[in-house]
file model_4.txt (compact mmCIF, C-alpha atoms)
# COMPACT_ATOMS: atom_id res chain seq x y z
CA MET A 1 122.67 178.70 103.66
CA GLY A 2 123.51 177.08 106.99
CA ALA A 3 121.97 173.85 108.19
CA ILE A 4 118.92 174.19 110.44
CA VAL A 5 118.81 170.51 111.43
CA PRO A 6 121.88 169.63 113.52
CA GLY A 7 123.79 166.43 112.84
CA ALA A 8 121.77 165.66 109.71
CA THR A 9 122.85 164.51 106.28
CA HIS A 10 122.84 167.05 103.45
CA ALA A 11 119.40 165.85 102.31
CA ALA A 12 117.77 166.66 105.67
CA GLN A 13 119.79 169.69 106.80
CA GLN A 14 117.24 172.25 105.63
CA GLY A 15 114.38 170.53 107.41
CA PRO A 16 111.96 169.37 104.70
CA GLU A 17 108.87 167.59 106.00
CA HIS A 18 109.68 164.66 103.72
CA VAL A 19 113.14 164.15 102.28
CA ALA A 20 113.09 163.57 98.53
CA GLU A 21 116.86 163.46 98.00
CA PRO A 22 118.45 159.99 97.97
CA VAL A 23 121.06 159.31 100.65
CA ALA A 24 123.80 156.66 100.53
CA TYR A 25 123.69 155.62 104.18
CA ASP A 26 126.53 153.55 105.59
CA ALA A 27 124.54 151.71 108.26
CA ILE A 28 121.26 151.43 110.14
CA LEU A 29 121.22 152.43 113.82
CA LEU A 30 118.65 150.32 115.69
CA ALA A 31 117.85 152.38 118.79
CA GLY A 32 116.28 150.61 121.74
CA PHE A 33 115.15 151.51 125.24
CA GLY A 34 117.33 148.91 126.95
CA GLY A 35 116.70 146.73 129.96
CA PRO A 36 118.45 144.86 132.79
CA GLU A 37 119.80 141.38 132.17
CA GLY A 38 120.25 140.23 135.78
CA GLN A 39 119.25 141.08 139.34
CA ASP A 40 122.37 143.24 139.86
CA ASP A 41 121.42 145.35 136.83
CA VAL A 42 117.93 146.33 137.97
CA ILE A 43 118.61 149.34 140.21
CA PRO A 44 121.43 150.77 138.02
CA PHE A 45 119.10 150.46 135.03
CA LEU A 46 116.26 152.23 136.84
CA ARG A 47 118.70 154.96 137.88
CA ASN A 48 119.46 155.49 134.19
CA VAL A 49 115.78 155.62 133.27
CA THR A 50 114.97 158.15 136.00
CA SER A 51 118.18 160.17 135.73
CA GLY A 52 117.71 163.79 136.77
CA ARG A 53 114.57 163.19 138.81
CA GLY A 54 116.30 162.63 142.15
CA ILE A 55 114.43 159.42 142.95
CA PRO A 56 116.12 157.51 145.82
CA ASP A 57 116.99 153.84 145.47
CA GLU A 58 114.36 152.94 148.07
CA ARG A 59 111.62 154.17 145.77
CA LEU A 60 113.22 152.57 142.75
CA GLU A 61 113.16 149.25 144.58
CA GLU A 62 109.38 149.61 144.91
CA VAL A 63 109.04 149.47 141.13
CA ALA A 64 111.84 146.94 140.66
CA HIS A 65 109.61 144.01 141.67
CA HIS A 66 108.36 143.65 138.10
CA TYR A 67 111.91 142.88 136.99
CA ARG A 68 112.69 140.86 140.14
CA HIS A 69 109.70 138.64 139.31
CA PHE A 70 111.43 137.68 136.04
CA GLY A 71 114.85 137.10 137.58
CA GLY A 72 115.96 140.68 137.01
CA VAL A 73 115.88 140.15 133.25
CA SER A 74 113.88 142.33 130.90
CA PRO A 75 113.02 140.58 127.64
CA ILE A 76 113.60 143.76 125.65
CA ASN A 77 117.29 143.23 124.88
CA GLU A 78 116.72 139.70 123.61
CA HIS A 79 113.84 140.97 121.47
CA ASN A 80 116.14 143.58 119.97
CA ARG A 81 118.81 140.97 119.27
CA GLU A 82 116.15 138.98 117.43
CA LEU A 83 114.94 142.08 115.58
CA LYS A 84 118.50 142.99 114.58
CA ALA A 85 119.03 139.48 113.19
CA ALA A 86 115.69 139.61 111.37
CA LEU A 87 116.54 142.98 109.81
CA GLU A 88 119.92 141.66 108.68
CA ALA A 89 118.24 138.64 107.10
CA GLU A 90 115.66 140.81 105.32
CA LEU A 91 118.35 143.16 104.03
CA ALA A 92 120.40 140.21 102.79
CA SER A 93 117.38 138.68 101.05
CA ARG A 94 117.00 141.92 99.08
CA GLY A 95 120.70 142.15 98.27
CA LEU A 96 121.13 145.29 100.37
CA GLU A 97 124.53 145.78 101.98
CA LEU A 98 123.56 147.88 104.99
CA PRO A 99 124.98 146.75 108.35
CA VAL A 100 122.77 147.08 111.43
CA LEU A 101 124.26 148.66 114.56
CA TRP A 102 122.36 148.40 117.84
CA GLY A 103 122.47 150.84 120.73
CA ASN A 104 120.22 151.46 123.74
CA ARG A 105 119.25 154.57 125.62
CA ASN A 106 119.36 153.08 129.12
CA TRP A 107 121.49 149.92 129.16
CA ASP A 108 124.31 148.06 127.48
CA PRO A 109 124.94 148.22 124.57
CA TYR A 110 124.54 151.99 124.79
CA LEU A 111 124.15 154.41 121.89
CA ASN A 112 127.69 155.63 122.64
CA ASP A 113 128.93 152.08 122.00
CA ALA A 114 127.07 151.90 118.68
CA LEU A 115 128.62 155.20 117.56
CA ALA A 116 132.08 154.00 118.57
CA GLU A 117 131.43 150.89 116.47
CA ALA A 118 130.39 153.10 113.56
CA LYS A 119 133.54 155.20 113.89
CA LYS A 120 135.76 152.12 113.94
CA ALA A 121 134.12 150.83 110.75
CA GLY A 122 134.29 154.21 109.03
CA TYR A 123 130.54 154.74 108.92
CA THR A 124 129.57 158.42 108.92
CA LYS A 125 125.98 158.43 107.61
CA LEU A 126 123.52 156.55 109.82
CA ILE A 127 119.76 156.13 109.45
CA ALA A 128 118.15 155.48 112.83
CA VAL A 129 115.19 153.21 113.50
CA ALA A 130 113.80 153.70 117.00
CA THR A 131 111.77 150.87 118.49
CA SER A 132 108.79 153.14 119.07
CA ALA A 133 106.06 153.93 116.56
CA TYR A 134 104.19 156.97 117.90
CA SER A 135 104.77 160.67 118.51
CA SER A 136 105.43 161.93 122.04
CA TYR A 137 108.38 163.08 124.09
CA SER A 138 109.25 159.63 125.43
CA SER A 139 108.55 157.77 122.19
CA CYS A 140 110.27 160.11 119.74
CA ARG A 141 111.94 163.32 120.93
CA GLN A 142 113.78 161.64 123.82
CA TYR A 143 115.41 159.29 121.33
CA ARG A 144 116.45 162.29 119.25
CA GLU A 145 117.87 163.98 122.34
CA ASP A 146 119.83 160.85 123.17
CA PHE A 147 121.29 160.80 119.66
CA ALA A 148 122.53 164.35 120.25
CA ASP A 149 123.91 163.41 123.67
CA ALA A 150 125.73 160.39 122.23
CA LEU A 151 127.41 162.47 119.53
CA ALA A 152 128.43 165.04 122.16
CA ASP A 153 129.65 162.40 124.63
CA THR A 154 131.79 160.63 122.05
CA GLY A 155 132.96 163.77 120.26
CA LEU A 156 131.93 162.14 117.00
CA GLY A 157 129.64 164.95 115.93
CA ASP A 158 132.45 167.32 114.99
CA GLY A 159 135.23 167.44 112.44
CA PRO A 160 135.53 166.43 108.79
CA ASP A 161 134.57 162.81 109.56
CA ALA A 162 131.66 163.68 111.84
CA ILE A 163 128.89 161.12 112.14
CA GLN A 164 125.52 162.27 110.82
CA ILE A 165 122.27 160.71 112.01
CA ASP A 166 118.90 160.88 110.29
CA LYS A 167 115.82 159.03 111.54
CA VAL A 168 112.99 157.25 109.75
CA ARG A 169 109.51 158.66 110.20
CA GLN A 170 107.29 157.54 113.06
CA PHE A 171 105.70 154.39 111.66
CA PHE A 172 102.45 154.08 113.63
CA ASP A 173 100.43 153.85 110.41
CA HIS A 174 102.86 152.02 108.18
CA PRO A 175 101.11 148.85 106.95
CA GLY A 176 104.01 146.66 108.09
CA PHE A 177 103.47 147.75 111.71
CA VAL A 178 99.67 147.59 111.56
CA GLN A 179 99.26 144.20 109.83
CA PRO A 180 100.27 142.07 112.86
CA PHE A 181 97.59 143.79 114.94
CA ILE A 182 94.95 143.22 112.27
CA GLU A 183 95.76 139.52 112.31
CA GLY A 184 95.86 139.48 116.11
CA VAL A 185 92.45 141.07 116.54
CA ARG A 186 90.88 138.80 113.92
CA ASP A 187 92.37 135.71 115.57
CA GLY A 188 91.62 136.89 119.09
CA ILE A 189 87.92 137.41 118.42
CA ALA A 190 87.72 134.05 116.65
CA GLN A 191 89.41 132.38 119.61
CA LEU A 192 86.86 133.82 122.03
CA GLU A 193 83.93 132.88 119.78
CA ALA A 194 85.22 129.31 119.66
CA SER A 195 85.76 129.01 123.41
CA VAL A 196 82.81 130.91 124.93
CA ASP A 197 79.42 129.34 124.28
CA GLY A 198 76.78 131.58 122.73
CA LEU A 199 79.05 134.63 122.61
CA ASP A 200 77.54 137.58 120.72
CA ARG A 201 80.51 139.52 119.40
CA ALA A 202 78.50 142.68 118.74
CA THR A 203 77.29 143.05 122.32
CA GLN A 204 79.40 140.78 124.54
CA VAL A 205 82.97 141.30 123.30
CA GLU A 206 85.07 144.43 123.72
CA VAL A 207 88.48 145.16 122.21
CA LEU A 208 90.81 147.21 124.39
CA PHE A 209 93.68 148.90 122.56
CA ALA A 210 96.37 149.44 125.19
CA THR A 211 99.28 151.85 125.12
CA HIS A 212 101.64 153.44 127.62
CA SER A 213 100.09 156.33 129.49
CA ILE A 214 102.02 159.62 129.49
CA PRO A 215 101.50 162.91 131.35
CA SER A 216 98.53 164.80 129.91
CA THR A 217 100.65 167.94 129.48
CA ASP A 218 103.20 166.02 127.39
CA ALA A 219 100.44 164.39 125.36
CA ALA A 220 98.99 167.80 124.52
CA LYS A 221 102.40 168.85 123.17
CA SER A 222 102.89 165.75 121.01
CA GLY A 223 103.06 166.41 117.29
CA PRO A 224 103.22 169.81 115.60
CA ALA A 225 101.03 172.40 117.33
CA GLU A 226 99.71 173.68 114.02
CA ARG A 227 98.00 170.35 113.32
CA GLY A 228 95.54 171.09 116.14
CA PHE A 229 95.13 167.57 117.51
CA GLY A 230 93.52 168.83 120.70
CA GLU A 231 93.37 166.93 123.99
CA GLY A 232 95.77 164.01 123.93
CA GLY A 233 97.70 165.56 121.04
CA ALA A 234 99.09 163.53 118.16
CA TYR A 235 99.87 160.65 120.54
CA ALA A 236 96.23 159.84 121.28
CA ALA A 237 95.06 160.77 117.77
CA GLN A 238 97.53 158.38 116.15
CA HIS A 239 96.47 155.47 118.36
CA ARG A 240 92.76 156.09 117.72
CA ALA A 241 93.30 156.33 113.98
CA VAL A 242 95.25 153.07 113.87
CA ALA A 243 92.70 151.29 116.08
CA GLU A 244 89.92 152.27 113.66
CA VAL A 245 91.88 150.79 110.76
CA VAL A 246 92.65 147.60 112.68
CA MET A 247 88.98 147.02 113.55
CA ARG A 248 87.84 147.64 109.99
CA GLU A 249 90.52 145.52 108.33
CA ALA A 250 90.04 142.70 110.85
CA GLY A 251 86.40 142.48 109.83
CA ALA A 252 85.38 143.59 113.31
CA ALA A 253 83.57 146.86 112.67
CA ASP A 254 80.61 145.44 114.62
CA VAL A 255 82.66 144.85 117.78
CA PRO A 256 82.89 147.60 120.45
CA TRP A 257 86.37 148.96 121.22
CA GLN A 258 88.13 151.68 123.18
CA LEU A 259 91.60 153.11 123.67
CA VAL A 260 93.01 152.53 127.16
CA TYR A 261 96.26 153.28 128.93
CA GLN A 262 98.67 151.45 131.21
CA SER A 263 101.93 151.70 133.14
CA ARG A 264 101.55 155.23 134.52
CA SER A 265 104.37 156.08 136.92
CA GLY A 266 103.97 159.73 137.96
CA PRO A 267 102.69 161.14 141.26
CA PRO A 268 98.91 160.98 141.79
CA SER A 269 98.75 164.78 141.63
CA MET A 270 99.94 164.77 137.99
CA PRO A 271 97.23 164.03 135.40
CA TRP A 272 98.10 161.21 132.98
CA LEU A 273 96.12 159.88 130.05
CA GLU A 274 93.16 157.72 131.07
CA PRO A 275 91.29 155.40 131.41
CA ASP A 276 93.62 152.87 132.96
CA ILE A 277 93.15 149.45 131.41
CA ASN A 278 92.23 147.80 134.70
CA ASP A 279 89.57 150.43 135.42
CA ALA A 280 88.18 149.88 131.94
CA ILE A 281 88.06 146.11 132.41
CA GLU A 282 86.19 146.50 135.70
CA GLN A 283 83.42 148.38 133.89
CA LEU A 284 82.90 145.81 131.13
CA PRO A 285 80.52 143.36 132.91
CA ALA A 286 78.10 146.21 133.69
CA ALA A 287 78.00 146.91 129.94
CA GLY A 288 77.06 143.31 129.23
CA ARG A 289 80.48 142.15 128.12
CA ARG A 290 81.55 138.55 128.64
CA ALA A 291 84.91 138.64 126.88
CA VAL A 292 87.75 141.04 126.12
CA VAL A 293 90.53 141.20 123.53
CA ILE A 294 93.60 143.09 124.78
CA VAL A 295 95.70 144.64 122.00
CA PRO A 296 99.15 146.06 122.94
CA LEU A 297 98.86 148.68 120.19
CA GLY A 298 101.50 150.98 121.63
CA PHE A 299 104.26 148.37 121.79
CA VAL A 300 106.53 146.77 119.21
CA SER A 301 107.57 143.75 121.31
CA ASP A 302 106.68 141.78 124.44
CA HIS A 303 108.78 143.73 126.89
CA MET A 304 108.14 144.27 130.61
CA GLU A 305 105.10 146.52 130.31
CA VAL A 306 103.43 143.87 128.20
CA LEU A 307 104.46 140.85 130.27
CA TRP A 308 103.65 142.41 133.63
CA ASP A 309 101.00 145.06 133.09
CA LEU A 310 98.98 143.11 130.51
CA ASP A 311 99.78 139.41 130.88
CA ASN A 312 99.83 139.63 134.66
CA GLU A 313 97.71 142.49 135.96
CA ALA A 314 95.18 143.07 133.17
CA LEU A 315 94.46 139.38 132.54
CA GLU A 316 94.14 138.89 136.30
CA THR A 317 91.64 141.76 136.49
CA ALA A 318 89.65 140.21 133.65
CA GLY A 319 89.54 136.87 135.45
CA GLU A 320 88.42 138.50 138.69
CA HIS A 321 85.46 140.01 136.85
CA GLY A 322 84.45 136.81 135.09
CA LEU A 323 85.64 137.83 131.66
CA ALA A 324 87.20 135.51 129.10
CA ALA A 325 90.30 137.27 127.79
CA VAL A 326 93.02 136.99 125.18
CA ARG A 327 96.04 139.19 124.63
CA VAL A 328 97.13 139.44 121.00
CA PRO A 329 100.81 139.43 119.95
CA THR A 330 103.01 142.46 119.45
CA PRO A 331 104.75 142.83 116.04
CA GLY A 332 108.02 141.38 117.37
CA THR A 333 109.71 139.88 114.33
CA HIS A 334 106.55 139.40 112.26
CA PRO A 335 107.67 139.30 108.60
CA ALA A 336 105.43 142.25 107.63
CA TYR A 337 106.86 144.39 110.43
CA VAL A 338 110.49 143.56 109.63
CA ALA A 339 109.93 144.16 105.92
CA GLY A 340 108.18 147.41 106.76
CA LEU A 341 111.15 148.70 108.75
CA VAL A 342 113.43 147.98 105.81
CA ASP A 343 110.96 149.76 103.52
CA LEU A 344 111.11 152.81 105.82
CA VAL A 345 114.89 152.87 105.52
CA LEU A 346 114.64 152.56 101.74
CA GLU A 347 112.32 155.56 101.63
CA ARG A 348 115.30 157.63 102.74
CA VAL A 349 117.88 155.72 100.73
CA ASN A 350 115.86 156.27 97.56
CA GLY A 351 114.34 159.64 98.38
CA THR A 352 110.85 158.24 97.82
CA PRO A 353 108.28 160.98 97.09
CA VAL A 354 105.70 161.39 99.83
CA ALA A 355 102.86 160.49 97.46
CA GLU A 356 104.42 157.04 97.00
CA ARG A 357 104.84 156.27 100.71
CA PRO A 358 102.31 153.90 102.30
CA ALA A 359 100.22 155.00 105.28
CA VAL A 360 96.95 153.42 106.41
CA THR A 361 95.54 156.52 108.17
CA GLU A 362 94.93 160.07 107.01
CA LEU A 363 97.44 161.35 109.57
CA GLY A 364 100.46 160.06 107.66
CA PRO A 365 102.86 159.48 106.20
CA TRP A 366 104.47 161.22 109.18
CA TYR A 367 107.39 163.65 108.95
CA ASP A 368 110.96 162.61 108.18
CA VAL A 369 112.24 165.69 110.00
CA CYS A 370 110.38 166.60 113.19
CA ARG A 371 108.83 170.04 113.15
CA PRO A 372 109.82 172.94 115.45
CA GLY A 373 108.60 172.49 119.01
CA CYS A 374 107.31 168.98 118.37
CA CYS A 375 106.85 166.72 121.44
CA GLU A 376 108.06 169.12 124.12
CA ASN A 377 108.76 167.76 127.59
CA VAL A 378 106.82 170.32 129.61
CA ARG A 379 108.74 169.58 132.81
CA LEU A 380 112.25 169.76 131.33
CA GLY A 381 111.78 172.04 128.33
CA PHE A 382 113.73 171.69 125.10
CA ARG A 383 117.14 170.06 124.97
CA PRO A 384 119.35 169.64 121.86
CA ALA A 385 117.96 166.95 119.56
CA LEU A 386 118.81 165.53 116.14
CA ALA A 387 116.50 164.70 113.21
CA GLY A 388 114.32 167.74 113.81
CA ILE A 389 114.18 171.52 113.54
CA ALA A 390 114.97 173.33 116.80
CA PRO A 391 113.73 173.81 119.40

call {"tool": "encode", "arguments": {"input": "model_4.txt", "output": "structure tokens"}}
result
Amino acid sequence: MGAIVPGATHAAQQGPEHVAEPVAYDAILLAGFGGPEGQDDVIPFLRNVTSGRGIPDERLEEVAHHYRHFGGVSPINEHNRELKAALEAELASRGLELPVLWGNRNWDPYLNDALAEAKKAGYTKLIAVATSAYSSYSSCRQYREDFADALADTGLGDGPDAIQIDKVRQFFDHPGFVQPFIEGVRDGIAQLEASVDGLDRATQVEVLFATHSIPSTDAAKSGPAERGFGEGGAYAAQHRAVAEVVMREAGAADVPWQLVYQSRSGPPSMPWLEPDINDAIEQLPAAGRRAVVIVPLGFVSDHMEVLWDLDNEALETAGEHGLAAVRVPTPGTHPAYVAGLVDLVLERVNGTPVAERPAVTELGPWYDVCRPGCCENVRLGFRPALAGIAP
């Protein structure tokens, strides 16, 4: 029987929801978004991000000011260098000889470079870890499309020594990813209670769980259609489910919270997920709130959308409306998060049965092999992608 999952190892070729066959991987492929590392990089980087949309440089320059403000340097590459080193240290501490290769979608080092490195070292079976936890086109399928593009570009997807790429499951509800947010919410509320006199947490504090907004049509297509997630698709459902766990485990079930969105970039005529975080903050004083905890639930590290959209714009909006505010940390290189990523790799190395895989919500553990039609880009349609069943 022929393979139905392109570019996959033997264990994943037939598209099981969860792979129960052990795989002797040669290396881990850490897949990042990428970011500029100097003023001269900013426009070329934004051209890469918006490739195919025909956006002129003049318009790109309008959005480049976020990067210009920080000297043209996005923190994301340095964060991924730190994460790579932390993964290597965790692997070494467990006696696991799995090298970590790093490649980006939109800037140096590119995925093509990582595959060339793999070829030079003789690695043919790679397990990919994307630096994105949730299900949507931009946070999952686009990575899988870029894996397919990289194999095609390099010619390393063909022949007897072809490189095969599997991908760990989306880890939105893996305890290693969730634990840093639990600690952050607990500490953030305590910080506000200590600094704001007479603060009633049950009526005067609100927790805002922030994530990147995406087009509503793409959100509706996130996750397998047969799961019936409804408006917002799996993307919104996953965030809400994790937020509920975070509030409960942080001992904050009495504190109001909501899911909000940030960083929308499409034309005003195109509906994106709402409410925007700044609009939500503006409404808090009328509801009797005096303080707000901002949780970057959709992000794994403090990259530009966190530093600018939250630490700059959202905190400024809170101050303008007389609200005390704290922004809790992203997972970054938190020990639980790093250990959790290694555990996700070991699920595939060992062929761990699904019943033995940890997940803190009822939505998971998520699929090892993405299901047919999952996370369609409504504007562009389906392009070739690895680690999933076509289309």

call {"tool": "residues_around", "arguments": {"input": "model_4.txt", "residues": "A:Asp57", "least_positions_apart": "4", "cutoff": "12 Å", "atoms": "all atoms listed in the file", "output": "list in words"}}
result
Val42, Ile43, Pro44, Phe45, Leu46, Arg47, Asn48, Thr50, Ser51, Arg53, Glu61, Glu62, Val63 and Ala64 of chain A

call {"tool": "closest_residue", "arguments": {"input": "model_4.txt", "among": "A:Arg169, A:Arg201, A:Arg327, A:Arg289", "to": "A:Arg141", "atoms": "all atoms listed in the file"}}
result
A:Arg169

call {"tool": "closest_residue", "arguments": {"input": "model_4.txt", "among": "A:Phe382, A:Tyr235, A:Phe172, A:Trp272", "to": "A:Gly340", "atoms": "only C-alpha atoms"}}
result
A:Phe172

call {"tool": "residues_around", "arguments": {"input": "model_4.txt", "residues": "A:Glu356", "least_positions_apart": "6", "cutoff": "12 Å", "atoms": "all atoms listed in the file", "output": "list in words"}}
result
His18, Ala20, Asp343, Leu344, Glu347, Asn350, Gly364 and Pro365 of chain A

call {"tool": "residues_around", "arguments": {"input": "model_4.txt", "residues": "A:Pro99", "least_positions_apart": "4", "cutoff": "8 Å", "atoms": "only C-alpha atoms", "output": "number ranges by chain"}}
result
A: 26-28, 88

call {"tool": "closest_residue", "arguments": {"input": "model_4.txt", "among": "A:Ile294, A:Leu156, A:Cys370, A:Ala336", "to": "A:Ala86", "atoms": "all atoms listed in the file"}}
result
A:Ala336

call {"tool": "closest_atom_pairs", "arguments": {"input": "model_4.txt", "of": "stretch 318-384 of chain A", "to": "stretch 296-310 of chain A", "cutoff": "12 Å", "atoms": "only C-alpha atoms", "output": "Markdown table"}}
result
| residue | atom | partner | partner_atom | distance |
| --- | --- | --- | --- | --- |
| A:Ala318 | CA | A:Leu310 | CA | 10.3 |
| A:Ala325 | CA | A:Leu310 | CA | 10.8 |
| A:Val326 | CA | A:Leu310 | CA | 10.1 |
| A:Arg327 | CA | A:Leu310 | CA | 7.7 |
| A:Val328 | CA | A:Pro296 | CA | 7.2 |
| A:Pro329 | CA | A:Pro296 | CA | 7.5 |
| A:Thr330 | CA | A:Ser301 | CA | 5.1 |
| A:Pro331 | CA | A:Val300 | CA | 5.4 |
| A:Gly332 | CA | A:Ser301 | CA | 4.6 |
| A:Thr333 | CA | A:Ser301 | CA | 8.3 |
| A:His334 | CA | A:Ser301 | CA | 10.1 |
| A:Tyr337 | CA | A:Val300 | CA | 9.1 |
| A:Val338 | CA | A:Val300 | CA | 10.9 |
| A:Leu341 | CA | A:Val300 | CA | 11.6 |

call {"tool": "residues_near_point", "arguments": {"input": "model_4.txt", "point": "(100.2, 160.4, 138.0)", "cutoff": "10 Å", "atoms": "only C-alpha atoms", "output": "number ranges by chain"}}
result
A: 213-216, 264-273

call {"tool": "atom_distance", "arguments": {"input": "model_4.txt", "atom1": "atom CA of A:Asn80", "atom2": "atom CA of A:Leu208"}}
result
26.0 Å

call {"tool": "closest_residue", "arguments": {"input": "model_4.txt", "among": "A:Ser74, A:Thr211, A:Ser135, A:Gln238", "to": "A:Val260", "atoms": "only C-alpha atoms"}}
result
A:Thr211

call {"tool": "closest_residue", "arguments": {"input": "model_4.txt", "among": "A:Val360, A:Val369, A:Val178, A:Ala148", "to": "A:Ala387", "atoms": "only C-alpha atoms"}}
result
A:Val369

call {"tool": "atom_distance", "arguments": {"input": "model_4.txt", "atom1": "atom CA of A:Gly232", "atom2": "atom CA of A:Ile76"}}
result
27.0 Å

call {"tool": "closest_residue", "arguments": {"input": "model_4.txt", "among": "A:Asp161, A:Glu362, A:Pro384, A:Thr317", "to": "A:His174", "atoms": "all atoms listed in the file"}}
result
A:Glu362

call {"tool": "axis_aligned_box", "arguments": {"input": "model_4.txt", "around": "stretch 331-337 of chain A", "padding_each_side": "5 Å", "output": "AutoDock Vina command-line options"}}
result
--center_x 107.2 --center_y 141.8 --center_z 112.5 --size_x 15.0 --size_y 15.1 --size_z 19.7

call {"tool": "atom_distance", "arguments": {"input": "model_4.txt", "atom1": "atom CA of A:Leu386", "atom2": "atom CA of A:His79"}}
result
25.6 Å

call {"tool": "residues_near_point", "arguments": {"input": "model_4.txt", "point": "(88.7, 143.0, 124.6)", "cutoff": "10 Å", "atoms": "only C-alpha atoms", "output": "ChimeraX atom specification"}}
result
/A:185,188-189,192,204-209,255-258,281,284,289-295,318,323-328

call {"tool": "residues_around", "arguments": {"input": "model_4.txt", "residues": "A:Lys125", "least_positions_apart": "4", "cutoff": "7 Å", "atoms": "all atoms listed in the file", "output": "list in words"}}
result
Thr9, Tyr25, Asp26, Ala27, Ile163, Gln164 and Ile165 of chain A

call {"tool": "residues_around", "arguments": {"input": "model_4.txt", "residues": "A:Gly72", "least_positions_apart": "5", "cutoff": "9 Å", "atoms": "only C-alpha atoms", "output": "MDAnalysis selection string"}}
result
chainID A and resid 36:42 64:67
